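This is protein37.pdb. It holds PDB, C-alpha atoms (C1' of nucleotides).
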```pdb
MODEL        1
ATOM      1  CA  MET F   1       9.084 -26.406  15.704
ATOM      2  CA  HIS F   2      11.305 -23.424  16.359
ATOM      3  CA  ILE F   3      10.864 -19.871  15.179
ATOM      4  CA  LYS F   4      14.201 -20.047  13.417
ATOM      5  CA  LYS F   5      13.057 -22.932  11.246
ATOM      6  CA  ILE F   6       9.742 -21.258  10.493
ATOM      7  CA  TYR F   7      11.574 -18.102   9.469
ATOM      8  CA  LYS F   8      13.706 -20.096   7.018
ATOM      9  CA  ILE F   9      10.695 -21.821   5.497
ATOM     10  CA  LEU F  10       8.813 -18.554   5.052
ATOM     11  CA  LEU F  11      11.813 -16.670   3.682
ATOM     12  CA  ASN F  12      12.430 -19.463   1.201
ATOM     13  CA  TYR F  13       8.782 -19.537   0.151
ATOM     14  CA  PHE F  14       7.939 -15.837  -0.066
ATOM     15  CA  GLY F  15      11.406 -14.320  -0.568
ATOM     16  CA  GLU F  16      12.597 -11.102   1.041
ATOM     17  CA  GLN F  17       9.778  -8.629   1.640
ATOM     18  CA  GLY F  18      11.825  -5.458   2.085
ATOM     19  CA  TRP F  19       9.079  -3.476   3.771
ATOM     20  CA  TRP F  20       9.243   0.259   4.276
ATOM     21  CA  HIS F  21      11.614   1.439   1.634
ATOM     22  CA  ALA F  22      10.176   4.903   2.080
ATOM     23  CA  ASP F  23      11.633   8.320   1.325
ATOM     24  CA  SER F  24      11.814   9.344   4.976
ATOM     25  CA  ILE F  25      11.359   8.206   8.556
ATOM     26  CA  PHE F  26       8.247  10.325   8.703
ATOM     27  CA  GLU F  27       6.750   8.566   5.692
ATOM     28  CA  ILE F  28       7.285   5.265   7.490
ATOM     29  CA  CYS F  29       5.452   6.548  10.569
ATOM     30  CA  VAL F  30       2.574   7.860   8.477
ATOM     31  CA  GLY F  31       2.334   4.540   6.670
ATOM     32  CA  ILE F  32       2.244   2.632   9.941
ATOM     33  CA  ILE F  33      -0.611   4.754  11.266
ATOM     34  CA  LEU F  34      -2.570   4.725   8.003
ATOM     35  CA  VAL F  35      -2.354   0.965   7.584
ATOM     36  CA  GLN F  36      -4.130   0.347  10.890
ATOM     37  CA  ARG F  37      -6.919  -2.142  10.232
ATOM     38  CA  THR F  38      -6.691  -1.871   6.462
ATOM     39  CA  THR F  39      -4.648  -3.105   3.537
ATOM     40  CA  TRP F  40      -1.382  -1.573   2.419
ATOM     41  CA  ARG F  41      -3.048  -0.854  -0.918
ATOM     42  CA  ASN F  42      -5.497   1.525   0.776
ATOM     43  CA  ALA F  43      -2.914   3.058   3.096
ATOM     44  CA  ALA F  44      -0.692   3.796   0.092
ATOM     45  CA  LYS F  45      -3.490   5.825  -1.486
ATOM     46  CA  GLY F  46      -3.435   8.117   1.514
ATOM     47  CA  ILE F  47       0.345   8.473   1.280
ATOM     48  CA  GLU F  48       0.080   9.254  -2.426
ATOM     49  CA  ASN F  49      -2.564  11.910  -1.806
ATOM     50  CA  LEU F  50      -0.270  13.580   0.720
ATOM     51  CA  LYS F  51       2.739  13.338  -1.605
ATOM     52  CA  LYS F  52       0.875  14.853  -4.528
ATOM     53  CA  ARG F  53       0.085  17.880  -2.417
ATOM     54  CA  ARG F  54       3.637  17.940  -1.040
ATOM     55  CA  LEU F  55       2.262  17.555   2.476
ATOM     56  CA  LEU F  56       4.340  14.608   3.629
ATOM     57  CA  LYS F  57       6.239  16.625   6.201
ATOM     58  CA  VAL F  58       5.747  16.927   9.949
ATOM     59  CA  LYS F  59       5.154  20.664   9.881
ATOM     60  CA  LYS F  60       2.760  20.527   6.928
ATOM     61  CA  ILE F  61       0.522  17.875   8.487
ATOM     62  CA  ALA F  62       0.612  19.661  11.813
ATOM     63  CA  GLU F  63      -0.605  22.865  10.212
ATOM     64  CA  ILE F  64      -3.201  21.968   7.564
ATOM     65  CA  SER F  65      -6.861  21.904   8.518
ATOM     66  CA  LEU F  66      -8.308  18.726   9.968
ATOM     67  CA  LYS F  67     -11.008  18.727   7.307
ATOM     68  CA  GLU F  68      -8.477  18.846   4.491
ATOM     69  CA  LEU F  69      -6.450  16.048   6.047
ATOM     70  CA  GLU F  70      -9.569  13.925   6.483
ATOM     71  CA  ASP F  71     -10.444  14.277   2.809
ATOM     72  CA  LEU F  72      -6.965  13.218   1.720
ATOM     73  CA  LEU F  73      -7.090  10.165   3.993
ATOM     74  CA  ARG F  74     -10.558   9.041   2.968
ATOM     75  CA  PRO F  75      -9.370   6.016   0.952
ATOM     76  CA  THR F  76      -7.571   4.587   3.988
ATOM     77  CA  GLY F  77     -10.757   3.905   5.966
ATOM     78  CA  PHE F  78     -11.409   5.170   9.513
ATOM     79  CA  TYR F  79     -10.167   8.425   8.043
ATOM     80  CA  ARG F  80     -11.475  10.713  10.783
ATOM     81  CA  GLN F  81      -9.536   8.908  13.503
ATOM     82  CA  LYS F  82      -6.440   8.571  11.369
ATOM     83  CA  ALA F  83      -6.480  12.280  10.547
ATOM     84  CA  GLU F  84      -6.718  13.069  14.247
ATOM     85  CA  TYR F  85      -3.938  10.605  15.071
ATOM     86  CA  LEU F  86      -1.595  12.146  12.489
ATOM     87  CA  LYS F  87      -2.410  15.609  13.802
ATOM     88  CA  ILE F  88      -1.555  14.597  17.344
ATOM     89  CA  PHE F  89       1.628  12.798  16.281
ATOM     90  CA  THR F  90       2.935  15.665  14.163
ATOM     91  CA  GLN F  91       1.982  18.416  16.580
ATOM     92  CA  TYR F  92       3.747  16.573  19.374
ATOM     93  CA  ALA F  93       6.861  16.025  17.228
ATOM     94  CA  LEU F  94       6.845  19.663  16.180
ATOM     95  CA  GLU F  95       6.391  21.148  19.630
ATOM     96  CA  LYS F  96       8.757  18.879  21.475
ATOM     97  CA  TYR F  97      11.437  18.093  18.886
ATOM     98  CA  GLY F  98      11.041  20.810  16.263
ATOM     99  CA  GLY F  99       9.682  18.183  13.860
ATOM    100  CA  ASP F 100      13.003  16.343  13.838
ATOM    101  CA  LEU F 101      12.156  12.654  14.119
ATOM    102  CA  GLU F 102      15.816  11.573  14.069
ATOM    103  CA  LYS F 103      16.310  13.641  17.176
ATOM    104  CA  TRP F 104      13.131  12.312  18.768
ATOM    105  CA  PHE F 105      13.938   8.667  18.050
ATOM    106  CA  ASN F 106      17.502   8.961  19.307
ATOM    107  CA  LYS F 107      16.677   7.577  22.740
ATOM    108  CA  SER F 108      16.281   4.163  24.262
ATOM    109  CA  ALA F 109      13.569   1.841  22.984
ATOM    110  CA  GLU F 110      11.925   1.737  26.418
ATOM    111  CA  GLU F 111      11.704   5.500  26.765
ATOM    112  CA  LEU F 112      10.510   6.023  23.214
ATOM    113  CA  ARG F 113       7.898   3.285  23.551
ATOM    114  CA  LYS F 114       6.415   4.862  26.672
ATOM    115  CA  GLU F 115       6.356   8.225  24.973
ATOM    116  CA  LEU F 116       4.645   6.875  21.851
ATOM    117  CA  LEU F 117       2.039   4.983  23.871
ATOM    118  CA  ARG F 118       0.960   8.205  25.545
ATOM    119  CA  LEU F 119      -0.148   9.586  22.182
ATOM    120  CA  LYS F 120      -3.745   8.936  21.193
ATOM    121  CA  GLY F 121      -3.905   6.566  18.247
ATOM    122  CA  ILE F 122      -0.675   4.761  18.997
ATOM    123  CA  GLY F 123      -1.253   1.444  20.733
ATOM    124  CA  GLU F 124       1.088  -1.469  21.352
ATOM    125  CA  GLU F 125       1.382  -2.661  17.773
ATOM    126  CA  THR F 126       1.749   0.742  16.201
ATOM    127  CA  ALA F 127       4.325   1.743  18.813
ATOM    128  CA  ASP F 128       6.385  -1.392  18.222
ATOM    129  CA  SER F 129       6.108  -0.968  14.471
ATOM    130  CA  ILE F 130       7.434   2.573  14.718
ATOM    131  CA  LEU F 131      10.197   1.370  17.029
ATOM    132  CA  LEU F 132      11.311  -1.344  14.623
ATOM    133  CA  TYR F 133      10.801   0.164  11.177
ATOM    134  CA  ALA F 134      11.246   3.899  11.783
ATOM    135  CA  ALA F 135      13.394   4.181  14.918
ATOM    136  CA  LYS F 136      15.446   1.066  14.092
ATOM    137  CA  LYS F 137      15.069  -0.417  17.569
ATOM    138  CA  LEU F 138      15.309  -4.151  18.076
ATOM    139  CA  VAL F 139      11.682  -4.869  18.933
ATOM    140  CA  PHE F 140       9.550  -7.584  17.407
ATOM    141  CA  VAL F 141       6.078  -6.531  16.308
ATOM    142  CA  VAL F 142       3.291  -8.825  17.442
ATOM    143  CA  ASP F 143       0.134  -8.281  15.422
ATOM    144  CA  ALA F 144      -3.092 -10.197  14.914
ATOM    145  CA  TYR F 145      -1.517 -12.388  12.241
ATOM    146  CA  THR F 146       1.470 -13.268  14.417
ATOM    147  CA  LYS F 147      -0.821 -14.391  17.221
ATOM    148  CA  ARG F 148      -3.075 -16.362  14.940
ATOM    149  CA  ILE F 149      -0.211 -18.084  13.139
ATOM    150  CA  LEU F 150       1.708 -19.002  16.288
ATOM    151  CA  THR F 151      -1.480 -20.241  17.931
ATOM    152  CA  ARG F 152      -2.392 -22.448  14.993
ATOM    153  CA  LEU F 153       1.142 -23.800  14.867
ATOM    154  CA  GLY F 154       0.739 -24.813  18.499
ATOM    155  CA  ILE F 155       3.685 -22.643  19.559
ATOM    156  CA  ILE F 156       1.650 -20.421  21.873
ATOM    157  CA  LYS F 157      -1.651 -20.844  23.649
ATOM    158  CA  LYS F 158      -4.639 -18.706  22.800
ATOM    159  CA  GLY F 159      -4.565 -15.569  24.933
ATOM    160  CA  THR F 160      -0.766 -15.372  25.299
ATOM    161  CA  SER F 161       0.178 -11.746  25.810
ATOM    162  CA  CYS F 162       2.167  -9.707  23.308
ATOM    163  CA  SER F 163       5.017  -9.281  25.753
ATOM    164  CA  GLU F 164       5.281 -13.045  26.291
ATOM    165  CA  ILE F 165       5.386 -13.593  22.539
ATOM    166  CA  LYS F 166       8.067 -10.929  22.148
ATOM    167  CA  LYS F 167      10.182 -12.580  24.833
ATOM    168  CA  MET F 168       9.816 -15.938  23.102
ATOM    169  CA  ILE F 169      10.914 -14.496  19.757
ATOM    170  CA  TRP F 170      13.807 -12.768  21.507
ATOM    171  CA  ARG F 171      14.969 -16.071  22.999
ATOM    172  CA  GLU F 172      14.753 -18.061  19.793
ATOM    173  CA  LEU F 173      15.913 -15.729  17.053
ATOM    174  CA  PRO F 174      19.345 -14.268  16.485
ATOM    175  CA  VAL F 175      18.746 -10.663  17.241
ATOM    176  CA  ASP F 176      19.195  -8.328  14.333
ATOM    177  CA  LEU F 177      16.986  -5.642  12.827
ATOM    178  CA  LYS F 178      16.719  -7.121   9.356
ATOM    179  CA  THR F 179      15.511 -10.493  10.616
ATOM    180  CA  TYR F 180      12.868  -8.883  12.827
ATOM    181  CA  LYS F 181      11.619  -6.698   9.998
ATOM    182  CA  GLU F 182      11.507  -9.619   7.598
ATOM    183  CA  LEU F 183       9.868 -12.072   9.981
ATOM    184  CA  ARG F 184       7.073  -9.684  10.798
ATOM    185  CA  ALA F 185       6.513  -9.011   7.086
ATOM    186  CA  LEU F 186       6.596 -12.735   6.320
ATOM    187  CA  PHE F 187       3.990 -13.437   9.001
ATOM    188  CA  VAL F 188       1.714 -10.844   7.434
ATOM    189  CA  GLU F 189       2.251 -12.372   3.994
ATOM    190  CA  LEU F 190       1.509 -15.854   5.304
ATOM    191  CA  GLY F 191      -1.540 -14.504   7.100
ATOM    192  CA  LYS F 192      -2.933 -12.823   4.009
ATOM    193  CA  ARG F 193      -2.460 -15.863   1.808
ATOM    194  CA  PHE F 194      -3.179 -18.824   4.050
ATOM    195  CA  CYS F 195      -3.860 -17.955   7.669
ATOM    196  CA  LYS F 196      -6.974 -15.809   7.532
ATOM    197  CA  ALA F 197      -9.793 -15.971  10.069
ATOM    198  CA  THR F 198     -10.968 -18.989   8.121
ATOM    199  CA  PRO F 199      -7.852 -21.032   7.274
ATOM    200  CA  GLN F 200      -7.001 -21.576   3.606
ATOM    201  CA  CYS F 201      -4.323 -24.204   4.017
ATOM    202  CA  ASP F 202      -4.074 -25.511   0.471
ATOM    203  CA  GLY F 203      -0.476 -24.895  -0.583
ATOM    204  CA  CYS F 204       0.586 -23.342   2.717
ATOM    205  CA  PRO F 205       4.358 -23.753   3.219
ATOM    206  CA  LEU F 206       3.751 -24.575   6.890
ATOM    207  CA  GLU F 207       0.918 -27.030   6.345
ATOM    208  CA  SER F 208       3.068 -30.037   7.279
ATOM    209  CA  VAL F 209       4.082 -28.551  10.635
ATOM    210  CA  CYS F 210       0.762 -26.900  11.503
ATOM    211  CA  GLN F 211      -1.023 -28.777  14.243
ATOM    212  CA  LYS F 212      -4.388 -27.184  14.531
ATOM    213  CA  HIS F 213      -6.814 -24.769  13.040
ATOM    214  CA  ILE F 214      -8.284 -22.787  15.885
TER     215      ILE F 214
ATOM    216  C1'  DG V   1     -24.863  -8.520  -0.877
ATOM    217  C1'  DT V   2     -21.263 -10.355   2.472
ATOM    218  C1'  DC V   3     -16.865 -10.624   4.526
ATOM    219  C1'  DC V   4     -12.681  -8.769   6.052
ATOM    220  C1'  DA V   5      -8.304  -6.036   5.991
ATOM    221  C1'  DG V   6      -0.674  -5.115   8.652
ATOM    222  C1'  DG V   7      -5.714  -1.330  15.473
ATOM    223  C1'  DG V   8      -7.085   1.602  18.901
ATOM    224  C1'  DC V   9     -10.440   4.068  21.770
ATOM    225  C1'  DC V  10     -14.100   3.999  24.880
ATOM    226  C1'  DT V  11     -17.262   1.957  27.954
ATOM    227  C1'  DA V  12     -19.034  -1.514  30.948
ATOM    228  C1'  DC V  13     -18.405  -5.364  33.788
TER     229       DC V  13
ATOM    230  C1'  DG L   1      -7.729  -6.681  32.372
ATOM    231  C1'  DT L   2     -10.844  -7.870  28.994
ATOM    232  C1'  DA L   3     -15.029  -8.360  26.116
ATOM    233  C1'  DG L   4     -17.831  -5.784  22.929
ATOM    234  C1'  DG L   5     -19.176  -1.828  20.027
ATOM    235  C1'  DC L   6     -17.508   1.549  17.099
ATOM    236  C1'  DC L   7     -14.920   3.670  13.412
ATOM    237  C1'  DA L   8     -15.296   3.473   7.156
ATOM    238  C1'  DT L   9     -13.276   2.625   2.556
ATOM    239  C1'  DG L  10     -12.145  -0.766  -0.925
ATOM    240  C1'  DG L  11     -11.358  -5.238  -2.848
ATOM    241  C1'  DA L  12     -12.491 -10.199  -3.299
TER     242       DA L  12
ENDMDL
END
```
Produce structure tokens that represent the structure in this file.
Amino acid sequence: MHIKKIYKILLNYFGEQGWWHADSIFEICVGIILVQRTTWRNAAKGIENLKKRRLLKVKKIAEISLKELEDLLRPTGFYRQKAEYLKIFTQYALEKYGGDLEKWFNKSAEELRKELLRLKGIGEETADSILLYAAKKLVFVVDAYTKRILTRLGIIKKGTSCSEIKKMIWRELPVDLKTYKELRALFVELGKRFCKATPQCDGCPLESVCQKHI
DNA sequence: GTCCAGGGCCTAC
DNA sequence: GTAGGCCATGGA
């Protein structure tokens, strides 16, 4: 079973996901950081809290007190870390690029990735997510769901590294931004509905091609 | 009450 | 380089 076929099945089943229709690049970055290890529903509460207070700007976040930011992010879980992460991200963007994310992201994917990974709170997945959804770089995002799904489908072995998976996707899928954004979103959707830690295969669109339940 | 969600950091081996 | 503990709210 090829990735291309799986993509078609998922797109047909779930429809287009259209993730990250946000008001700004910065909002996308904030969303990506806030959704770490939680649901979008909870992350969105944090975004809403910031919007209500008109704080969804690089400079604003960089300058408000940590305590205030923590309180606004409480519904997102792990709010102390996330507040610190947003502080670090915004202060870096402000000092080095005057808060202009367009300017910051206008460099090669490799350079930007290295730069993002140096910031506390931005690991591999968050960096790749920012690269794809905010900086519009052609990078596939490998998350826990992607690994679990591909493992259960028998496409990768358990323990395959993120970079190996990315190379595999790169080989098998026609490379365009929209497809990468959609596929990642579709994997998450499939994961939430059917491919949880304990499989819930009843009605899964990939049930007929899934080989094992590891 | 229990389990887990669109990770990452830190520490110990 | 990787396995395990930790972070914390909210929904099922």
Please expand the PyMOL selection byres ((chain F and resi 32-48) around 8) into the concrete residues it hits in this file, giving the result as JSON, numbers by chain. {"F": [27, 28, 29, 30, 31, 49, 50, 51, 52, 56, 72, 73, 74, 75, 76, 77, 82, 85, 86, 121, 122, 126, 129, 130], "V": [5, 6, 7], "L": [10]}
Same residues, C-alpha atoms (C1' of nucleotides), output as an mmCIF file, keeping the file's coordinate frame:
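Output file selection.cif follows:
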```cif
data_model
loop_
_atom_site.group_PDB
_atom_site.id
_atom_site.type_symbol
_atom_site.label_atom_id
_atom_site.label_comp_id
_atom_site.auth_asym_id
_atom_site.auth_seq_id
_atom_site.Cartn_x
_atom_site.Cartn_y
_atom_site.Cartn_z
ATOM 1 C CA GLU F 27 6.750 8.566 5.692
ATOM 2 C CA ILE F 28 7.285 5.265 7.490
ATOM 3 C CA CYS F 29 5.452 6.548 10.569
ATOM 4 C CA VAL F 30 2.574 7.860 8.477
ATOM 5 C CA GLY F 31 2.334 4.540 6.670
ATOM 6 C CA ASN F 49 -2.564 11.910 -1.806
ATOM 7 C CA LEU F 50 -0.270 13.580 0.720
ATOM 8 C CA LYS F 51 2.739 13.338 -1.605
ATOM 9 C CA LYS F 52 0.875 14.853 -4.528
ATOM 10 C CA LEU F 56 4.340 14.608 3.629
ATOM 11 C CA LEU F 72 -6.965 13.218 1.720
ATOM 12 C CA LEU F 73 -7.090 10.165 3.993
ATOM 13 C CA ARG F 74 -10.558 9.041 2.968
ATOM 14 C CA PRO F 75 -9.370 6.016 0.952
ATOM 15 C CA THR F 76 -7.571 4.587 3.988
ATOM 16 C CA GLY F 77 -10.757 3.905 5.966
ATOM 17 C CA LYS F 82 -6.440 8.571 11.369
ATOM 18 C CA TYR F 85 -3.938 10.605 15.071
ATOM 19 C CA LEU F 86 -1.595 12.146 12.489
ATOM 20 C CA GLY F 121 -3.905 6.566 18.247
ATOM 21 C CA ILE F 122 -0.675 4.761 18.997
ATOM 22 C CA THR F 126 1.749 0.742 16.201
ATOM 23 C CA SER F 129 6.108 -0.968 14.471
ATOM 24 C CA ILE F 130 7.434 2.573 14.718
ATOM 25 C "C1'" DA V 5 -8.304 -6.036 5.991
ATOM 26 C "C1'" DG V 6 -0.674 -5.115 8.652
ATOM 27 C "C1'" DG V 7 -5.714 -1.330 15.473
ATOM 28 C "C1'" DG L 10 -12.145 -0.766 -0.925
#
```
Would you kindly translate the PyMOL selection byres ((chain L) within 10 of (chain F)) into the concrete residues it picks from this file, as a PyMOL selection string? chain L and resi 7-11
I need the chosen residues saved as an mmCIF file, in the coordinates of the input, with C-alpha atoms (C1' of nucleotides).
```cif
data_model
loop_
_atom_site.group_PDB
_atom_site.id
_atom_site.type_symbol
_atom_site.label_atom_id
_atom_site.label_comp_id
_atom_site.auth_asym_id
_atom_site.auth_seq_id
_atom_site.Cartn_x
_atom_site.Cartn_y
_atom_site.Cartn_z
ATOM 1 C "C1'" DC L 7 -14.920 3.670 13.412
ATOM 2 C "C1'" DA L 8 -15.296 3.473 7.156
ATOM 3 C "C1'" DT L 9 -13.276 2.625 2.556
ATOM 4 C "C1'" DG L 10 -12.145 -0.766 -0.925
ATOM 5 C "C1'" DG L 11 -11.358 -5.238 -2.848
#
```
Using only C-alpha atoms (C1' of nucleotides), which of the listed residues (F:Val175, F:Ile155, F:Cys201, F:Ala144) sits closest to chain V?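 Counting only C-alpha atoms (C1' of nucleotides), the residue closest to chain V is F:Ala144.
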Can you list, as a list in words, the residues that the PyMOL selection byres ((chain V and resi 11) around 10) selects here? DC9, DC10, DA12 and DC13 of chain V; DG4 and DG5 of chain L
Using C-alpha atoms (C1' of nucleotides), can you export the residues from the last selection as a PDB file, in the frame of the given file?
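Saved file out-v6.pdb follows:
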```pdb
ATOM      1  C1'  DC V   9     -10.440   4.068  21.770  1.00  0.00           C
ATOM      2  C1'  DC V  10     -14.100   3.999  24.880  1.00  0.00           C
ATOM      3  C1'  DA V  12     -19.034  -1.514  30.948  1.00  0.00           C
ATOM      4  C1'  DC V  13     -18.405  -5.364  33.788  1.00  0.00           C
TER       5       DC V  13
ATOM      6  C1'  DG L   4     -17.831  -5.784  22.929  1.00  0.00           C
ATOM      7  C1'  DG L   5     -19.176  -1.828  20.027  1.00  0.00           C
TER       8       DG L   5
END
```
Around all listed atoms of region 2-5 of chain V, padded 4 Å per side, what centre and edge lengths does the axis-aligned box have in Å to one decimal, as AutoDock Vina command-line options?
```
--center_x -14.8 --center_y -8.3 --center_z 4.3 --size_x 21.0 --size_y 12.6 --size_z 11.6
```
So, counting all atoms listed in the file, which residue among F:Glu16, F:Glu63, F:Glu124, F:Glu102 is closest to chain V?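 Closest to chain V, using all atoms listed in the file: F:Glu124.
The spacing separating CA of Leu186 (chain F) from CA of Phe105 (chain F) amounts to 25.5 Å.
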Interatomic distance, CA of Trp170 (chain F) to CA of Tyr133 (chain F) (Å, one decimal): 16.8 Å
Which polymer residues, whether protein, DNA or RNA, lie within 7 Å of the coordinate (-11.1, -10.3, 7.9) when you count all atoms listed in the file? List them as a PyMOL selection string, using the chain letters and numbers from the file. (chain F and resi 196-197) or (chain V and resi 3-5)
In Å, rounded to a single decimal, give me how far CA of His21 (chain F) is from CA of Tyr92 (chain F).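 CA of Tyr92 (chain F) sits 24.6 Å away from CA of His21 (chain F).
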Using all atoms listed in the file, the residue out of F:Lys178, F:Lys137, F:Lys120, F:Lys103 with shortest distance to chain V is F:Lys120
Using only C-alpha atoms (C1' of nucleotides) - which residues lie no farther than 10 Å from the point (17.1, -2.1, 25.9) in the file's frame? Write them as a PyMOL selection string. chain F and resi 108-111+137-139
